[in-house]
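What's in structure-v6.cif: mmCIF, C-alpha atoms
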data_coords
#
loop_
_atom_site.label_atom_id
_atom_site.label_comp_id
_atom_site.auth_asym_id
_atom_site.auth_seq_id
_atom_site.Cartn_x
_atom_site.Cartn_y
_atom_site.Cartn_z
CA MET A 1 -126.74 226.87 97.63
CA LYS A 2 -127.29 225.04 94.33
CA ASN A 3 -126.10 221.77 95.84
CA PHE A 4 -128.35 222.28 98.83
CA SER A 5 -131.36 222.79 96.55
CA LYS A 6 -130.47 219.68 94.59
CA ILE A 7 -130.30 217.64 97.78
CA LEU A 8 -133.67 218.98 98.91
CA MET A 9 -135.21 218.13 95.53
CA THR A 10 -133.77 214.63 95.64
CA ILE A 11 -135.10 214.06 99.15
CA ALA A 12 -138.53 215.29 98.09
CA LEU A 13 -138.59 212.99 95.04
CA VAL A 14 -137.51 210.02 97.09
CA ALA A 15 -140.18 210.77 99.66
CA VAL A 16 -142.89 210.98 96.99
CA ALA A 17 -141.70 207.75 95.40
CA ALA A 18 -141.69 206.05 98.79
CA LEU A 19 -145.23 207.24 99.44
CA ILE A 20 -146.42 205.92 96.08
CA LEU A 21 -144.67 202.63 96.63
CA SER A 22 -146.04 202.29 100.13
CA THR A 23 -149.57 202.96 98.84
CA ALA A 24 -149.16 200.31 96.17
CA THR A 25 -147.84 197.89 98.67
CA PHE A 26 -150.33 198.27 101.48
CA ALA A 27 -153.74 198.66 99.85
CA ALA A 28 -155.49 197.21 96.86
CA SER A 29 -159.07 196.97 95.69
CA ASP A 30 -161.11 195.56 92.84
CA SER A 31 -164.66 196.43 91.80
CA LYS A 32 -167.24 194.71 89.66
CA THR A 33 -170.72 195.87 88.73
CA LEU A 34 -173.84 193.78 88.83
CA THR A 35 -176.75 194.92 86.67
CA ILE A 36 -180.16 194.10 88.06
CA ASN A 37 -183.14 194.06 85.72
CA ALA A 38 -186.75 193.62 86.69
CA THR A 39 -189.72 193.29 84.38
CA ILE A 40 -193.08 194.46 85.65
CA SER A 41 -195.97 193.59 83.35
CA ALA A 42 -199.57 194.74 83.42
CA ARG A 43 -201.65 192.63 85.77
CA ALA A 44 -205.13 192.68 87.20
CA GLU A 45 -206.63 190.62 89.95
CA LEU A 46 -210.23 190.95 91.10
CA VAL A 47 -211.77 189.25 94.07
CA LEU A 48 -215.48 189.27 95.00
CA ALA A 49 -216.71 187.67 98.17
CA PRO A 50 -219.25 186.22 98.30
CA THR A 51 -219.94 185.41 94.69
CA THR A 52 -223.63 184.85 95.20
CA ILE A 53 -226.18 187.17 96.74
CA ASN A 54 -229.88 186.72 97.39
CA PHE A 55 -232.81 189.12 97.63
CA PRO A 56 -235.43 187.79 99.96
CA ASP A 57 -239.09 188.31 99.36
CA ALA A 58 -240.54 191.51 100.82
CA ASN A 59 -243.75 193.54 100.70
CA PRO A 60 -243.42 196.21 98.00
CA SER A 61 -245.65 198.48 100.00
CA THR A 62 -243.33 198.50 102.98
CA VAL A 63 -239.98 197.65 101.36
CA ALA A 64 -239.51 199.58 98.16
CA SER A 65 -235.92 198.43 97.84
CA VAL A 66 -234.92 195.00 99.03
CA PRO A 67 -231.34 194.78 100.25
CA ALA A 68 -229.30 191.70 99.40
CA ASP A 69 -228.59 189.23 102.14
CA ASN A 70 -224.88 190.16 102.13
CA PRO A 71 -222.68 192.96 100.98
CA VAL A 72 -220.04 191.97 98.49
CA ALA A 73 -216.42 192.68 99.38
CA VAL A 74 -214.40 193.69 96.37
CA THR A 75 -210.62 193.74 96.02
CA ALA A 76 -208.94 195.07 92.90
CA ARG A 77 -205.20 194.61 92.40
CA ILE A 78 -203.75 196.49 89.50
CA ARG A 79 -200.44 196.86 87.79
CA THR A 80 -200.39 199.30 84.98
CA GLY A 81 -198.39 202.22 83.64
CA ARG A 82 -198.10 205.37 85.66
CA ALA A 83 -200.05 207.25 82.96
CA THR A 84 -202.81 204.75 82.46
CA ALA A 85 -205.91 203.96 84.48
CA ALA A 86 -207.51 200.63 85.19
CA THR A 87 -211.22 200.07 84.73
CA LEU A 88 -213.81 197.92 86.48
CA THR A 89 -217.08 197.23 84.71
CA VAL A 90 -220.06 194.99 85.31
CA THR A 91 -221.93 193.34 82.47
CA SER A 92 -225.31 191.77 82.74
CA ALA A 93 -225.98 189.15 80.17
CA ALA A 94 -229.68 189.02 80.80
CA ASP A 95 -232.52 189.95 83.12
CA LEU A 96 -233.37 188.03 86.26
CA THR A 97 -235.30 185.03 85.01
CA SER A 98 -237.53 182.42 86.55
CA GLY A 99 -238.71 180.14 83.79
CA SER A 100 -240.41 182.46 81.38
CA ASP A 101 -240.87 185.21 83.96
CA THR A 102 -238.38 188.03 84.16
CA ILE A 103 -237.45 190.96 86.36
CA PRO A 104 -235.47 193.63 84.51
CA ILE A 105 -231.83 193.53 85.58
CA SER A 106 -231.93 197.33 85.67
CA ASN A 107 -233.97 196.92 88.88
CA VAL A 108 -230.76 195.86 90.58
CA SER A 109 -228.51 198.67 91.78
CA TRP A 110 -225.67 199.03 94.23
CA THR A 111 -223.85 201.46 96.41
CA ALA A 112 -220.15 201.49 97.11
CA SER A 113 -218.47 201.98 100.46
CA ALA A 114 -215.41 203.92 99.30
CA GLY A 115 -213.39 205.09 96.33
CA PRO A 116 -212.39 204.19 93.80
CA PHE A 117 -215.53 202.05 93.77
CA ILE A 118 -218.71 203.78 92.68
CA ALA A 119 -222.45 203.16 92.84
CA GLY A 120 -224.44 202.15 89.79
CA THR A 121 -227.28 200.29 88.21
CA MET A 122 -227.16 197.11 86.19
CA ASN A 123 -227.77 197.41 82.47
CA LYS A 124 -228.41 194.56 80.07
CA ALA A 125 -227.23 196.45 77.03
CA THR A 126 -224.21 198.37 78.27
CA PRO A 127 -221.47 197.41 80.71
CA GLN A 128 -221.57 199.68 83.73
CA SER A 129 -218.56 201.19 85.45
CA ALA A 130 -218.09 200.05 89.03
CA ALA A 131 -214.94 202.02 89.89
CA THR A 132 -213.01 205.10 88.85
CA PHE A 133 -209.34 204.39 89.25
CA ALA A 134 -206.57 206.92 89.29
CA ASN A 135 -203.63 206.34 86.97
CA GLY A 136 -201.04 203.77 87.92
CA SER A 137 -200.83 200.65 89.96
CA GLY A 138 -202.38 199.85 93.27
CA LEU A 139 -204.39 197.61 95.49
CA PHE A 140 -207.95 198.65 96.36
CA SER A 141 -210.58 197.21 98.64
CA GLY A 142 -214.24 198.13 99.12
CA THR A 143 -217.76 196.89 99.46
CA PHE A 144 -220.78 196.82 97.18
CA ASN A 145 -224.25 196.78 98.69
CA PHE A 146 -226.98 195.60 96.30
CA LEU A 147 -230.62 196.57 96.21
CA LEU A 148 -233.54 195.23 94.23
CA ALA A 149 -236.27 197.67 93.34
CA ASN A 150 -239.41 195.91 94.63
CA SER A 151 -242.68 195.82 92.70
CA TRP A 152 -246.16 194.34 92.86
CA THR A 153 -245.76 193.43 89.21
CA TYR A 154 -243.28 190.65 89.77
CA ASN A 155 -244.64 187.18 89.34
CA THR A 156 -243.82 184.70 92.02
CA GLY A 157 -240.80 182.62 91.39
CA VAL A 158 -237.12 182.09 92.13
CA TYR A 159 -235.23 184.40 89.81
CA THR A 160 -231.62 184.18 88.82
CA ALA A 161 -229.18 186.32 86.87
CA THR A 162 -225.44 186.33 86.40
CA VAL A 163 -223.37 189.48 86.10
CA THR A 164 -219.74 189.66 85.19
CA TYR A 165 -217.24 192.10 86.72
CA THR A 166 -214.17 192.83 84.62
CA LEU A 167 -211.08 194.59 85.92
CA THR A 168 -208.75 195.80 83.19
CA ALA A 169 -205.17 197.07 83.61
CA PRO A 170 -204.21 198.56 80.26
CA MET B 1 -47.45 179.11 76.63
CA ARG B 2 -45.31 180.40 79.35
CA ARG B 3 -48.29 181.76 81.19
CA GLU B 4 -50.17 178.42 80.82
CA LYS B 5 -47.28 176.51 82.28
CA GLN B 6 -47.15 178.80 85.27
CA MET B 7 -50.88 178.29 85.96
CA LYS B 8 -50.56 174.47 85.71
CA THR B 9 -47.61 174.44 88.06
CA GLY B 10 -49.41 176.64 90.53
CA SER B 11 -52.58 174.52 90.68
CA THR B 12 -50.63 171.30 91.15
CA ARG B 13 -48.83 172.81 94.01
CA ARG B 14 -52.12 173.92 95.65
CA LEU B 15 -53.74 170.45 95.21
CA ILE B 16 -50.73 168.63 96.76
CA HIS B 17 -50.73 170.98 99.63
CA SER B 18 -54.41 170.72 100.46
CA SER B 19 -54.92 166.93 100.02
CA SER B 20 -52.40 165.53 102.52
CA HIS B 21 -54.24 162.81 104.70
CA LYS B 22 -53.47 159.96 107.11
CA SER B 23 -55.44 157.26 105.18
CA GLY B 24 -52.77 156.89 102.84
CA LEU B 25 -55.18 157.42 99.93
CA PRO B 26 -54.43 160.14 97.84
CA VAL B 27 -56.04 163.19 99.56
CA THR B 28 -57.23 164.57 96.33
CA ASN B 29 -59.52 161.55 95.55
CA LYS B 30 -61.11 161.37 99.02
CA LEU B 31 -62.11 165.01 99.06
CA GLY B 32 -63.59 164.63 95.61
CA LYS B 33 -65.85 161.76 96.63
CA GLU B 34 -67.17 163.64 99.66
CA ASN B 35 -67.98 166.59 97.52
CA VAL B 36 -69.84 164.39 95.06
CA MET B 37 -71.85 162.82 97.89
CA LYS B 38 -72.67 166.20 99.26
CA ASN B 39 -73.71 167.41 95.87
CA ASN B 40 -75.92 164.35 95.37
CA TRP B 41 -77.72 164.95 98.67
CA LYS B 42 -78.18 168.53 97.79
CA ALA B 43 -79.64 167.56 94.45
CA LEU B 44 -81.93 165.03 96.09
CA LEU B 45 -83.14 167.55 98.62
CA THR B 46 -83.68 170.11 95.93
CA PHE B 47 -85.61 167.61 93.83
CA THR B 48 -87.76 166.60 96.80
CA ALA B 49 -88.46 170.18 97.62
CA VAL B 50 -89.44 170.92 94.04
CA VAL B 51 -91.71 167.85 93.91
CA ALA B 52 -93.32 168.84 97.18
CA LEU B 53 -93.82 172.36 95.92
CA VAL B 54 -95.36 171.09 92.67
CA LEU B 55 -97.61 168.78 94.61
CA LEU B 56 -98.66 171.59 96.87
CA MET B 57 -99.33 173.79 93.86
CA GLY B 58 -101.24 170.99 92.21
CA THR B 59 -103.35 170.51 95.28
CA SER B 60 -104.08 174.16 95.49
CA THR B 61 -105.22 174.09 91.84
CA PHE B 62 -107.68 171.19 92.12
CA ALA B 63 -109.38 171.78 95.51
CA ALA B 64 -110.51 175.12 96.78
CA ASN B 65 -113.19 176.52 98.99
CA ALA B 66 -115.00 179.79 98.36
CA THR B 67 -118.05 181.25 100.10
CA GLN B 68 -120.62 183.71 98.77
CA THR B 69 -123.99 184.72 100.21
CA LEU B 70 -127.15 185.17 98.11
CA THR B 71 -129.83 187.45 99.43
CA ILE B 72 -133.32 186.59 98.20
CA ASN B 73 -136.01 189.25 98.41
CA ALA B 74 -139.69 188.83 97.63
CA THR B 75 -142.28 191.59 97.62
CA VAL B 76 -145.87 190.61 98.35
CA ALA B 77 -148.12 193.60 97.87
CA ALA B 78 -151.74 193.91 98.88
CA ARG B 79 -153.98 192.59 96.13
CA ALA B 80 -157.67 192.13 95.54
CA GLU B 81 -159.41 190.31 92.71
CA LEU B 82 -163.16 190.05 92.52
CA THR B 83 -165.15 188.02 90.03
CA LEU B 84 -168.92 187.96 89.60
CA ALA B 85 -170.60 185.65 87.13
CA PRO B 86 -172.95 186.46 85.59
CA THR B 87 -172.81 190.24 85.84
CA THR B 88 -176.46 190.71 84.99
CA ILE B 89 -179.48 189.18 86.66
CA SER B 90 -183.17 189.59 85.87
CA PHE B 91 -186.39 189.31 87.78
CA ALA B 92 -189.30 188.08 85.70
CA ASP B 93 -192.79 189.43 86.12
CA ALA B 94 -194.99 187.57 88.59
CA SER B 95 -198.21 188.11 90.47
CA PRO B 96 -197.58 189.62 93.89
CA THR B 97 -200.48 187.56 95.19
CA THR B 98 -198.96 184.20 94.33
CA SER B 99 -195.31 185.28 94.32
CA PRO B 100 -194.64 187.77 97.11
CA THR B 101 -190.95 187.38 96.37
CA ILE B 102 -189.44 186.74 92.96
CA ALA B 103 -186.21 184.79 92.55
CA ALA B 104 -183.69 186.10 90.03
CA ASN B 105 -183.18 184.14 86.84
CA SER B 106 -179.71 183.10 87.96
CA THR B 107 -177.55 182.88 91.02
CA VAL B 108 -174.32 184.89 91.00
CA ALA B 109 -171.05 183.07 91.59
CA VAL B 110 -168.58 185.20 93.51
CA THR B 111 -164.84 184.71 93.82
CA ALA B 112 -162.76 186.94 96.06
CA LYS B 113 -158.99 186.67 96.07
CA VAL B 114 -157.31 188.68 98.77
CA ARG B 115 -153.74 189.42 99.71
CA THR B 116 -153.33 191.43 102.83
CA ALA B 117 -151.38 191.49 106.09
CA ALA B 118 -151.89 188.74 108.62
CA ASN B 119 -153.58 191.13 110.99
CA SER B 120 -155.61 192.99 108.34
CA THR B 121 -159.09 192.14 107.17
CA ALA B 122 -160.44 192.52 103.66
CA THR B 123 -163.90 193.94 103.01
CA LEU B 124 -166.51 193.37 100.33
CA VAL B 125 -169.31 195.88 100.00
CA ALA B 126 -172.22 196.34 97.60
CA ALA B 127 -173.11 199.91 96.69
CA SER B 128 -176.27 200.64 94.74
CA SER B 129 -176.26 203.53 92.31
CA GLY B 130 -179.91 204.15 93.15
CA ASN B 131 -183.29 202.52 92.99
CA LEU B 132 -184.51 200.31 90.19
CA THR B 133 -185.80 202.73 87.60
CA SER B 134 -187.98 202.61 84.50
CA GLY B 135 -188.29 206.11 83.14
CA SER B 136 -189.73 208.09 86.00
CA ASP B 137 -191.00 204.98 87.79
CA THR B 138 -188.96 203.41 90.54
CA ILE B 139 -188.85 200.32 92.66
CA PRO B 140 -186.90 200.85 95.89
CA ILE B 141 -183.58 199.05 95.69
CA ASN B 142 -184.14 197.78 99.21
CA ALA B 143 -186.77 195.52 97.69
CA VAL B 144 -183.77 193.50 96.46
CA SER B 145 -182.12 191.23 98.96
CA TRP B 146 -179.81 188.27 98.75
CA THR B 147 -178.76 185.15 100.55
CA ALA B 148 -175.24 183.77 100.45
CA SER B 149 -173.64 180.37 100.39
CA GLY B 150 -170.02 179.77 101.23
CA VAL B 151 -167.96 181.40 103.95
CA PRO B 152 -167.26 184.32 104.35
CA PHE B 153 -170.08 185.65 102.20
CA ILE B 154 -173.16 186.94 104.00
CA ALA B 155 -176.78 187.76 103.22
CA GLY B 156 -178.06 191.31 103.03
CA THR B 157 -180.39 193.86 101.52
CA LEU B 158 -179.37 196.51 99.03
CA ASN B 159 -179.54 200.09 100.14
CA ALA B 160 -179.69 203.17 97.94
CA VAL B 161 -177.71 205.29 100.41
CA THR B 162 -175.28 203.07 102.31
CA ALA B 163 -172.98 200.42 100.91
CA GLN B 164 -173.82 197.05 102.39
CA SER B 165 -171.35 194.46 103.58
CA ALA B 166 -171.43 191.30 101.49
CA ALA B 167 -168.76 189.26 103.30
CA THR B 168 -167.10 188.95 106.68
CA PHE B 169 -163.50 187.98 106.05
CA ALA B 170 -161.11 186.57 108.59
CA SER B 171 -157.76 188.32 108.94
CA GLY B 172 -155.08 187.61 106.37
CA SER B 173 -154.96 186.47 102.80
CA GLY B 174 -157.03 183.85 101.02
CA SER B 175 -159.19 182.84 98.11
CA TYR B 176 -162.92 182.43 98.61
CA ASN B 177 -165.78 181.11 96.50
CA GLY B 178 -169.48 181.45 97.09
CA THR B 179 -172.86 182.16 95.59
CA TYR B 180 -175.36 184.95 95.97
CA THR B 181 -179.06 184.29 95.41
CA PHE B 182 -181.14 187.40 94.81
CA THR B 183 -184.84 188.00 95.41
CA LEU B 184 -187.15 190.91 94.68
CA ALA B 185 -189.97 191.73 97.07
CA ASN B 186 -193.01 191.84 94.80
CA SER B 187 -195.78 194.42 95.11
CA TRP B 188 -198.96 195.52 93.39
CA SER B 189 -197.76 199.08 93.75
CA TYR B 190 -195.07 198.68 91.07
CA ASN B 191 -195.96 200.36 87.83
CA VAL B 192 -195.52 198.48 84.59
CA GLY B 193 -192.06 198.83 83.10
CA SER B 194 -188.60 197.41 82.54
CA TYR B 195 -186.56 198.41 85.53
CA ALA B 196 -182.79 198.42 85.92
CA ALA B 197 -180.23 199.26 88.55
CA THR B 198 -176.48 198.89 88.87
CA VAL B 199 -174.80 197.62 91.98
CA THR B 200 -171.04 197.95 92.42
CA TYR B 201 -169.25 195.33 94.49
CA THR B 202 -165.89 196.49 95.84
CA LEU B 203 -163.37 194.15 97.37
CA THR B 204 -160.69 195.95 99.37
CA ALA B 205 -157.50 194.45 100.73
CA PRO B 206 -156.13 197.01 103.19
#
Could I get this file's structure written as structure tokens?
Amino acid sequence: MKNFSKILMTIALVAVAALILSTATFAASDSKTLTINATISARAELVLAPTTINFPDANPSTVASVPADNPVAVTARIRTGRATAATLTVTSAADLTSGSDTIPISNVSWTASAGPFIAGTMNKATPQSAATFANGSGLFSGTFNFLLANSWTYNTGVYTATVTYTLTAP
Amino acid sequence: MRREKQMKTGSTRRLIHSSSHKSGLPVTNKLGKENVMKNNWKALLTFTAVVALVLLMGTSTFAANATQTLTINATVAARAELTLAPTTISFADASPTTSPTIAANSTVAVTAKVRTAANSTATLVAASSGNLTSGSDTIPINAVSWTASGVPFIAGTLNAVTAQSAATFASGSGSYNGTYTFTLANSWSYNVGSYAATVTYTLTAP
């Protein structure tokens, strides 16, 4: 009986060894890791089209608010942190001027077609917010429609003003 | 003395009796010469035989043939060696508007050395541990794709779930060199951060 057990043990050991050897002989593999890094920095891109609008002349009695000849399409592309929010403001450096004549820039207002863009009124002293962004990155498109509050007090002339829109991705 | 005399007398008598011959020569002399001749021949034959034997022995000492077989065994096991260089690549920041895809800072040289059976085919797969992550922000790993130069390496796109094939080997063993060129699909939707992911390339020789 002892001899029989020994023989069985030997056979089992040989079988295991053969299995190990056969594994080593018939399959092999090698692995290497590749680390991929990507840097995403804060970015902001703003597009307005067109970049010039005109208010035609109109009778203040019949047209209290003169719409601009074109709406302005706005596209804001933002890359920022997931916990930070971008801002879009409009700054008016001065009133509408025609020689020495002026029309207060605060007579120009706008509406917005969709969020995050918002309606507002120009202000010579304080930059005005033109959008309320949620936190994080994104690409946003909308339209601003501008209006000029009409008045019999305006002197005739061709008036011009420049406003600056600033998109900031903190 | 008496005994000696008897012996001498006896031998003379025997010699006279046995050497009687017709030649007239004394019988005793003739028989002696024949015996000497015979003895000489015998000696010559013996000498020749001894010389021949010595020669034969000498020959057998200085020329011999022997045959042995040598069995030569060689074990060739399945083997796989994979090299990537460099092992880290980086995508720099770029505007998605002007750079919809970003090229990595470096190409990756790949060397695959394979030993397998003539009718077996090695495999090379790329398994991503997950998406590119920066804290809780992620960029899908399938935004990373690659092109390949050099046969049998192939182009592909990383996948967070399924390992992707990176080469199509022919059957049998061989050593292969190529280059992978990685690109990241850029997007305004990515949040700011430093993202990282690990991709494991596994070369298997079945």
Got a sec to pull out which chain B residues are within 8 Å of chain A, counting only C-alpha atoms, and send them as a ChimeraX atom specification? /B:76-84,87-95,116,132,137,188-206
Decode the PyMOL selection byres ((chain B and resi 183) around 12) for the given file into explicit residues and return them as a ChimeraX atom specification. /A:36-38 /B:89-92,99-108,141-148,155-158,180-182,184-186
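Coordinates place atom CA of A:Thr75 at a distance of 12.6 Å from atom CA of A:Thr51.
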Neighbours of A:Ser151 within 10 Å (only C-alpha atoms; same-chain residues fewer than 6 positions away dropped), as a ChimeraX atom specification? /A:58-61,63-65,103,107
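Of the residues listed (B:Ala64, B:Leu70, B:Ala122, B:Ala85), B:Ala122 shows the shortest atom-to-atom separation from B:Gly174; distances use only C-alpha atoms.
Here the PyMOL selection byres ((chain A and resi 130) around 7) catches exactly these residues: Leu88, Thr89, Val90, Phe117, Ile118, Ala119, Gly120, Gln128, Ser129 and Ala131 of chain A.
Using all atoms listed in the file, the smallest distance between any of A:Thr87, A:Ser100, A:Asn123, A:Ser141 and A:Leu167 comes from A:Thr87.
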Expected selection from the PyMOL selection byres ((chain B and resi 160) around 9), given as a PyMOL selection string: chain B and resi 127-131+140-142+158-159+161-163
To one decimal place in Å, what is the distance between atom CA of B:Ser120 and atom CA of B:Gly150?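 Answer for the atom CA of B:Ser120 to atom CA of B:Gly150 separation: 20.8 Å.
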Taking only C-alpha atoms into account, which of A:Val74, A:Val163, A:Leu48, A:Ala68 comes nearest A:Ile105?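 Closest to A:Ile105 of all the choices is A:Val163.
Atom CA of B:Ser165 is found 14.7 Å from atom CA of B:Thr179.
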For a cutoff of 8 Å around the file-coordinate point (-235.8, 189.0, 100.4), which residues qualify once you count only C-alpha atoms? I'd like the result as an NGL selection string. :A and (54-58 or 66-69)
Local residues around (-224.4, 202.0, 96.5), at most 6 Å away, using all atoms listed in the file, as a list of chain:residue names: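 Output of the proximity query reads A:Trp110, A:Thr111, A:Ala112, A:Ala119, A:Asn145.
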Name the residues in contact with A:Val108 at a cut-off of 6 Å, using only C-alpha atoms, excluding same-chain residues fewer than 2 positions from it; report them as a ChimeraX atom specification. /A:105-106,122,147-148
Near B:Phe169, counting all atoms listed in the file, which residues have an atom at most 8 Å away, once you skip same-chain residues fewer than 4 positions from it, shown as a compact mmCIF listing (two decimals) with C-alpha atoms, in the frame of the given file?
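Result written to out_32.txt:
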# COMPACT_ATOMS: atom_id res chain seq x y z
CA THR B 121 -159.09 192.14 107.17
CA ALA B 122 -160.44 192.52 103.66
CA THR B 123 -163.90 193.94 103.01
CA PRO B 152 -167.26 184.32 104.35
CA PHE B 153 -170.08 185.65 102.20
